[in-house]
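Student: My structure is stored as protein07.csv, with CSV, C-alpha atoms.
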```
chain,number,residue,atom,x,y,z
A,1,MET,CA,0.0,0.0,0.0
A,2,TRP,CA,2.9,2.4,0.8
A,3,GLN,CA,4.2,1.8,-2.8
A,4,ALA,CA,0.7,2.8,-4.1
A,5,ILE,CA,0.7,6.0,-2.1
A,6,MET,CA,4.2,6.9,-3.3
A,7,LEU,CA,3.1,6.2,-6.9
A,8,GLU,CA,0.3,8.7,-6.4
A,9,VAL,CA,2.9,11.4,-5.6
A,10,GLY,CA,5.2,10.4,-8.4
A,11,ASN,CA,7.6,8.5,-6.1
A,12,GLU,CA,8.8,11.8,-4.7
A,13,PRO,CA,9.1,11.7,-0.9
A,14,LEU,CA,9.5,15.4,-0.7
A,15,VAL,CA,6.2,15.8,-2.5
A,16,LEU,CA,4.5,13.7,0.2
A,17,VAL,CA,6.2,15.8,2.9
A,18,PHE,CA,4.9,19.0,1.2
A,19,ILE,CA,1.4,17.6,1.1
A,20,LEU,CA,1.4,16.7,4.8
A,21,ILE,CA,2.9,20.2,5.8
A,22,ALA,CA,0.2,21.8,3.6
A,23,ALA,CA,-2.5,19.9,5.6
A,24,PHE,CA,-1.0,21.4,8.8
A,25,ILE,CA,-0.8,24.9,7.5
A,26,SER,CA,-4.4,24.9,6.1
A,27,ALA,CA,-5.7,23.5,9.4
A,28,THR,CA,-3.9,26.3,11.3
A,29,ILE,CA,-5.4,29.0,9.0
A,30,HIS,CA,-8.8,27.3,9.2
A,31,SER,CA,-8.9,27.5,13.0
A,32,VAL,CA,-7.9,31.2,12.9
A,33,SER,CA,-10.4,32.3,10.2
A,34,GLY,CA,-13.1,29.7,10.9
A,35,LEU,CA,-13.5,29.0,7.2
A,36,ALA,CA,-11.8,28.0,4.0
A,37,GLY,CA,-9.4,25.3,5.2
A,38,ALA,CA,-10.3,23.0,2.4
A,39,LEU,CA,-10.0,25.8,-0.1
A,40,ILE,CA,-6.5,26.6,1.0
A,41,LEU,CA,-5.5,22.9,0.9
A,42,LEU,CA,-6.9,22.7,-2.6
A,43,ILE,CA,-4.7,25.5,-3.8
A,44,PHE,CA,-1.7,23.6,-2.4
A,45,LEU,CA,-2.7,20.3,-4.1
A,46,ILE,CA,-3.8,21.3,-7.6
A,47,PRO,CA,-0.2,21.8,-8.8
A,48,ILE,CA,0.4,18.1,-7.8
A,49,PHE,CA,-3.0,16.5,-8.8
A,50,ASP,CA,-5.7,17.8,-11.0
A,51,ILE,CA,-8.8,19.2,-9.4
A,52,LYS,CA,-10.9,16.1,-9.9
A,53,THR,CA,-8.3,14.1,-7.9
A,54,SER,CA,-7.6,16.8,-5.3
A,55,VAL,CA,-11.2,17.3,-4.2
A,56,PRO,CA,-11.9,13.7,-3.3
A,57,ILE,CA,-8.6,13.4,-1.3
A,58,ILE,CA,-9.3,16.6,0.6
A,59,SER,CA,-12.9,15.4,1.3
A,60,VAL,CA,-11.3,12.4,3.2
A,61,SER,CA,-8.8,14.6,4.9
A,62,MET,CA,-11.5,17.1,6.0
A,63,ILE,CA,-13.5,14.3,7.7
A,64,ILE,CA,-10.7,14.0,10.3
A,65,SER,CA,-9.9,17.7,10.4
A,66,ASN,CA,-13.6,18.8,10.9
A,67,LEU,CA,-14.3,16.0,13.4
A,68,PHE,CA,-11.4,17.2,15.5
A,69,ARG,CA,-12.2,20.9,15.1
A,70,ALA,CA,-15.9,20.3,16.0
A,71,TRP,CA,-14.7,18.7,19.2
A,72,LEU,CA,-12.2,21.5,19.8
A,73,PHE,CA,-14.8,24.3,19.5
A,74,LYS,CA,-17.8,22.3,20.7
A,75,GLU,CA,-18.6,24.8,23.6
A,76,SER,CA,-19.0,27.6,21.0
A,77,LEU,CA,-21.6,25.7,18.8
A,78,ILE,CA,-24.9,27.6,18.3
A,79,TYR,CA,-27.3,24.7,17.8
A,80,PRO,CA,-30.3,26.5,16.3
A,81,ILE,CA,-28.2,27.9,13.5
A,82,PHE,CA,-26.5,24.6,12.8
A,83,PHE,CA,-29.7,22.6,12.6
A,84,SER,CA,-31.4,25.3,10.5
A,85,ILE,CA,-28.6,25.0,7.9
A,86,ILE,CA,-28.1,21.2,7.9
A,87,CYS,CA,-31.7,20.3,7.5
A,88,SER,CA,-32.0,21.9,4.1
A,89,ALA,CA,-28.3,21.3,3.1
A,90,LEU,CA,-28.1,17.5,2.8
A,91,PRO,CA,-30.1,17.0,-0.4
A,92,GLY,CA,-28.0,19.7,-2.1
A,93,MET,CA,-24.8,18.1,-0.9
A,94,ILE,CA,-25.8,14.9,-2.6
A,95,LEU,CA,-26.8,16.6,-5.9
A,96,GLY,CA,-23.7,18.9,-6.0
A,97,THR,CA,-21.4,16.0,-5.5
A,98,ILE,CA,-23.0,14.0,-8.3
A,99,LEU,CA,-22.6,17.0,-10.6
A,100,PHE,CA,-18.9,17.3,-9.6
A,101,ILE,CA,-18.3,13.6,-10.6
A,102,TYR,CA,-19.7,14.1,-14.1
A,103,LEU,CA,-18.6,17.7,-14.9
A,104,SER,CA,-15.4,18.4,-16.7
A,105,LYS,CA,-12.5,19.8,-14.7
A,106,GLU,CA,-12.5,23.1,-16.8
A,107,ILE,CA,-16.1,23.8,-15.9
A,108,ILE,CA,-15.4,23.1,-12.2
A,109,LEU,CA,-12.4,25.5,-12.2
A,110,LEU,CA,-14.6,28.2,-13.7
A,111,ILE,CA,-17.4,27.6,-11.1
A,112,PHE,CA,-14.8,27.8,-8.3
A,113,SER,CA,-13.5,31.1,-9.6
A,114,ILE,CA,-17.0,32.7,-10.2
A,115,PHE,CA,-18.2,31.5,-6.8
A,116,LEU,CA,-15.3,33.2,-5.0
A,117,PHE,CA,-15.4,36.5,-7.0
A,118,ILE,CA,-19.1,36.8,-6.1
A,119,SER,CA,-18.5,36.0,-2.5
A,120,ILE,CA,-16.2,39.0,-2.0
A,121,PRO,CA,-18.7,41.9,-2.7
A,122,LEU,CA,-21.5,39.8,-1.1
A,123,ARG,CA,-19.7,39.8,2.3
A,124,ARG,CA,-19.1,43.5,2.1
A,125,ILE,CA,-22.7,44.4,1.2
A,126,PHE,CA,-24.0,42.4,4.1
A,127,ASN,CA,-21.6,43.9,6.5
A,128,LYS,CA,-22.4,47.4,5.3
A,129,LYS,CA,-26.1,46.9,5.4
A,130,GLY,CA,-25.9,45.2,8.8
A,131,TRP,CA,-28.6,42.6,7.7
A,132,GLN,CA,-29.4,40.0,10.2
A,133,VAL,CA,-30.4,36.4,9.4
A,134,ASN,CA,-32.8,34.4,11.6
A,135,ASN,CA,-33.1,30.7,11.8
A,136,TRP,CA,-35.7,30.6,8.9
A,137,GLY,CA,-33.2,32.6,6.9
A,138,TYR,CA,-30.4,30.1,7.6
A,139,LEU,CA,-32.8,27.3,6.6
A,140,SER,CA,-33.2,28.9,3.2
A,141,LEU,CA,-29.4,29.4,2.9
A,142,GLY,CA,-28.8,25.8,3.7
A,143,SER,CA,-30.1,24.5,0.4
A,144,VAL,CA,-27.7,26.9,-1.5
A,145,TYR,CA,-24.8,26.0,0.8
A,146,GLY,CA,-25.4,22.3,0.3
A,147,LEU,CA,-25.6,22.4,-3.5
A,148,VAL,CA,-22.5,24.6,-3.8
A,149,GLY,CA,-20.7,22.6,-1.1
A,150,GLY,CA,-21.2,19.4,-3.0
A,151,LEU,CA,-19.7,20.9,-6.1
A,152,VAL,CA,-16.8,23.0,-4.8
A,153,MET,CA,-14.5,23.4,-1.8
A,154,GLY,CA,-14.8,26.3,0.6
A,155,ALA,CA,-18.6,26.6,0.4
A,156,GLY,CA,-18.5,27.9,4.0
A,157,LEU,CA,-17.6,31.2,2.4
A,158,ILE,CA,-21.2,31.5,1.2
A,159,LEU,CA,-22.2,31.5,4.9
A,160,ALA,CA,-19.4,33.9,5.9
A,161,PRO,CA,-21.2,37.2,5.1
A,162,PHE,CA,-24.3,36.0,7.1
A,163,PHE,CA,-22.3,34.7,10.0
A,164,LEU,CA,-20.3,38.0,10.3
A,165,ALA,CA,-23.4,40.2,9.8
A,166,SER,CA,-25.0,38.2,12.6
A,167,GLY,CA,-22.2,39.2,14.9
A,168,LEU,CA,-20.8,35.7,15.4
A,169,ILE,CA,-17.2,35.5,16.6
A,170,SER,CA,-14.5,33.3,15.0
A,171,ALA,CA,-14.9,30.4,17.6
A,172,GLN,CA,-18.6,30.2,16.9
A,173,ILE,CA,-18.1,30.3,13.2
A,174,SER,CA,-15.5,27.5,13.6
A,175,ALA,CA,-17.8,25.4,15.6
A,176,ILE,CA,-20.7,25.6,13.2
A,177,ALA,CA,-18.6,25.4,10.0
A,178,SER,CA,-16.6,22.4,11.3
A,179,LEU,CA,-19.7,20.3,12.1
A,180,LEU,CA,-21.3,21.3,8.8
A,181,GLY,CA,-18.1,20.4,7.1
A,182,LEU,CA,-17.9,17.0,8.8
A,183,ILE,CA,-21.4,16.0,7.5
A,184,MET,CA,-20.6,17.5,4.1
A,185,ASN,CA,-17.3,15.6,3.6
A,186,ILE,CA,-18.7,12.3,4.9
A,187,THR,CA,-21.4,12.6,2.3
A,188,LYS,CA,-19.0,13.5,-0.4
A,189,GLY,CA,-16.5,10.8,0.6
A,190,LEU,CA,-19.2,8.1,0.4
A,191,LEU,CA,-20.3,9.3,-3.1
A,192,PHE,CA,-16.7,9.6,-4.3
A,193,GLY,CA,-15.9,6.2,-3.0
A,194,MET,CA,-18.6,4.8,-5.2
A,195,SER,CA,-17.1,6.5,-8.2
A,196,PRO,CA,-13.8,6.0,-10.1
A,197,LEU,CA,-12.4,9.2,-8.5
A,198,LEU,CA,-11.4,7.8,-5.1
A,199,GLY,CA,-9.2,4.6,-4.8
A,200,THR,CA,-7.8,3.0,-1.6
A,201,SER,CA,-4.4,4.7,-1.9
A,202,LEU,CA,-6.0,8.1,-2.1
A,203,VAL,CA,-8.2,7.4,0.9
A,204,ILE,CA,-5.1,6.5,2.9
A,205,LEU,CA,-3.3,9.7,1.7
A,206,GLY,CA,-6.3,11.7,2.7
A,207,LEU,CA,-6.4,10.1,6.2
A,208,MET,CA,-2.7,10.9,6.6
A,209,MET,CA,-3.4,14.5,5.8
A,210,GLY,CA,-6.3,14.6,8.2
A,211,LEU,CA,-4.0,13.4,11.0
A,212,CYS,CA,-1.5,16.1,10.2
A,213,SER,CA,-4.3,18.7,10.5
A,214,ILE,CA,-4.8,17.9,14.2
A,215,PRO,CA,-1.8,19.8,15.5
A,216,GLY,CA,-2.5,22.6,13.1
A,217,ALA,CA,-6.0,23.0,14.6
A,218,TYR,CA,-4.4,23.3,18.1
A,219,PHE,CA,-1.9,25.8,16.8
A,220,GLY,CA,-4.6,27.9,15.1
A,221,ARG,CA,-6.7,27.9,18.3
A,222,TRP,CA,-3.7,29.3,20.2
A,223,ILE,CA,-3.1,32.0,17.5
A,224,LEU,CA,-6.8,32.9,17.7
A,225,LYS,CA,-6.3,34.2,21.2
A,226,TYR,CA,-4.0,37.0,19.9
A,227,VAL,CA,-5.7,38.2,16.7
A,228,SER,CA,-8.6,40.7,16.3
A,229,ILE,CA,-11.9,40.2,14.6
A,230,LYS,CA,-10.8,42.7,11.9
A,231,PHE,CA,-7.7,40.6,11.2
A,232,GLN,CA,-9.9,37.4,10.9
A,233,LYS,CA,-12.1,39.1,8.4
A,234,LEU,CA,-9.1,40.2,6.4
A,235,ILE,CA,-7.8,36.6,6.3
A,236,ILE,CA,-11.2,35.4,5.0
A,237,GLU,CA,-11.3,38.0,2.3
A,238,GLY,CA,-7.7,37.5,1.3
A,239,ILE,CA,-8.3,33.8,0.8
A,240,MET,CA,-11.3,34.6,-1.3
A,241,ILE,CA,-9.3,36.9,-3.6
A,242,LEU,CA,-6.3,34.5,-3.8
A,243,GLY,CA,-8.5,31.5,-4.6
A,244,ALA,CA,-10.6,33.3,-7.2
A,245,ILE,CA,-7.5,34.4,-9.1
A,246,PHE,CA,-5.8,31.0,-8.7
A,247,PHE,CA,-8.7,29.0,-10.1
A,248,LEU,CA,-9.3,31.5,-13.0
A,249,TYR,CA,-5.6,31.1,-13.9
A,250,GLN,CA,-5.9,27.3,-13.8
A,251,TYR,CA,-8.9,27.6,-16.1
A,252,PHE,CA,-7.1,29.6,-18.8
A,253,GLU,CA,-3.8,27.7,-18.5
```
Please, can you express the file's structure as structure tokens?
Tutor:
Amino acid sequence: MWQAIMLEVGNEPLVLVFILIAAFISATIHSVSGLAGALILLIFLIPIFDIKTSVPIISVSMIISNLFRAWLFKESLIYPIFFSIICSALPGMILGTILFIYLSKEIILLIFSIFLFISIPLRRIFNKKGWQVNNWGYLSLGSVYGLVGGLVMGAGLILAPFFLASGLISAQISAIASLLGLIMNITKGLLFGMSPLLGTSLVILGLMMGLCSIPGAYFGRWILKYVSIKFQKLIIEGIMILGAIFFLYQYFE
């Protein structure tokens, strides 16, 4: 099995080390910002694998990462918001993942880029207007989040403007997003496992990455004590801009 994993990374030990370090870094940033850990990891992996290979690997990795982060931030979980979102999100998760399996990688890259470019002004508009979202509003948002989340990584960014406008702090965002992400990636992992996209060696690689994310989550939680809400918002927006440009570049390459 070890030989199969090495074959996936081109028999380059340094590439495997890079992937595991990337898992640590993305988990650290994820704990600080509360969102976009999978998106950051995807940016690291696409130069090594194509997008239709990277996403299934990350889905496996994020099961462990989100499970651990959900436990780490469990005291900050706001249950009404979580249940409002997940109730309507599950059908969309299934449909979005099936679409991902059958769409071309070029279309997926374009969808990623457009999604992120739209998210940037949306977050600012909601913050400026100071719009609040109640539980019924989150129930409506859940269906959109689920569909987009099944299709792309970083779907939590859809919820970011609404979380921030509702006055949630980073620990609360991390708690909700990690539990949503756990259910999202279990769903995606099961569907990918029934497709040709996710073999045994890639599952094991994803699990290795997930284990490397655990110390990153601890480190990120420690950093979180020393950064301001404004800085956290800048991190989220910076990731949005970087990701949008990166995926657009990959599309035209």
Student: Between A:Leu190, A:Pro80, A:Phe112, A:Ser170, which one has atoms that come closest to A:Gly137, using all atoms listed in the file?
Tutor: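 Closest candidate: A:Pro80.
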Student: Residues of stretch 136-238 of chain A that have any atom at most 10 Å from an atom of stretch 113-123 of chain A: could you tabulate them with the shortest-distance atom pair and the distance in Å to one decimal, using only C-alpha atoms, ordered by chain and increasing number, as a tab-separated table?
Tutor:
```
residue	atom	partner	partner_atom	distance
A:Val148	CA	A:Phe115	CA	8.7
A:Val152	CA	A:Phe115	CA	8.8
A:Gly154	CA	A:Leu116	CA	8.9
A:Ala155	CA	A:Phe115	CA	8.7
A:Leu157	CA	A:Ser119	CA	6.9
A:Ile158	CA	A:Ser119	CA	6.4
A:Leu159	CA	A:Arg123	CA	9.0
A:Ala160	CA	A:Arg123	CA	6.9
A:Pro161	CA	A:Arg123	CA	4.1
A:Phe162	CA	A:Arg123	CA	7.7
A:Phe163	CA	A:Arg123	CA	9.6
A:Leu164	CA	A:Arg123	CA	8.2
A:Ala165	CA	A:Arg123	CA	8.4
A:Lys233	CA	A:Arg123	CA	9.8
A:Ile236	CA	A:Ile120	CA	9.3
A:Glu237	CA	A:Ile120	CA	6.6
A:Gly238	CA	A:Ile120	CA	9.2
```
Student: Out of A:Leu72, A:Leu202, A:Val133, A:Val227, which residue has the shortest atom-to-atom distance to A:Ser166 when counting all atoms listed in the file?
Tutor: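 Comparing A:Leu72, A:Leu202, A:Val133, A:Val227 against A:Ser166, the winner is A:Val133.
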Student: Just how far from atom CA of A:Ala27 is atom CA of A:Leu211, in Å to one decimal?
Tutor: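 Between atom CA of A:Leu211 and atom CA of A:Ala27 the gap is 10.4 Å.
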Student: If I take atom CA of A:Leu191 and atom CA of A:Trp71, how far is one from the other in Å, to one decimal?
Tutor: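 Calculated distance between atom CA of A:Leu191 and atom CA of A:Trp71 is 24.8 Å.
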Student: Report, in Å to a single decimal, how far apart atom CA of A:Lys188 and atom CA of A:Ile101 are.
Tutor: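 It comes out at 10.2 Å.
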Student: My list of candidates is A:Lys74, A:Lys105, A:Arg69, A:Lys230. Which is closest to A:Leu151 when distances are computed with all atoms listed in the file?
Tutor: A:Lys105
Student: Just checking: using all atoms listed in the file, which residue out of A:Tyr79, A:Met194, A:Ala38, A:Leu234 ends up closest to A:Asn135?
Tutor: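 Between A:Tyr79, A:Met194, A:Ala38, A:Leu234, the residue approaching A:Asn135 most closely is A:Tyr79.
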Student: Would you list the contacts of stretch 44-60 of chain A as a count of residues only, taking every protein, DNA or RNA residue within 6 Å and counting only C-alpha atoms, but skipping same-chain residues closer than 6 positions in sequence?
Tutor: 4
Student: Which residue out of A:Ser174, A:Ser88, A:Ser61, A:Thr200 has the minimum interatomic distance to A:Tyr145 when all atoms listed in the file are used?
Tutor: A:Ser88
Student: When you count all atoms listed in the file, which of these residues is closest to A:Ile94: A:Ala22, A:Met184, A:Pro13, A:Ile78?
Tutor: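 Counting all atoms listed in the file, the residue closest to A:Ile94 is A:Met184.
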Student: Find the spatial neighbours of A:Leu77, counting only C-alpha atoms, within a cut-off of 10 Å - ignore same-chain residues fewer than 4 positions away - and output them as a ChimeraX atom specification.
Tutor: /A:70-71,73,81-82,171-179
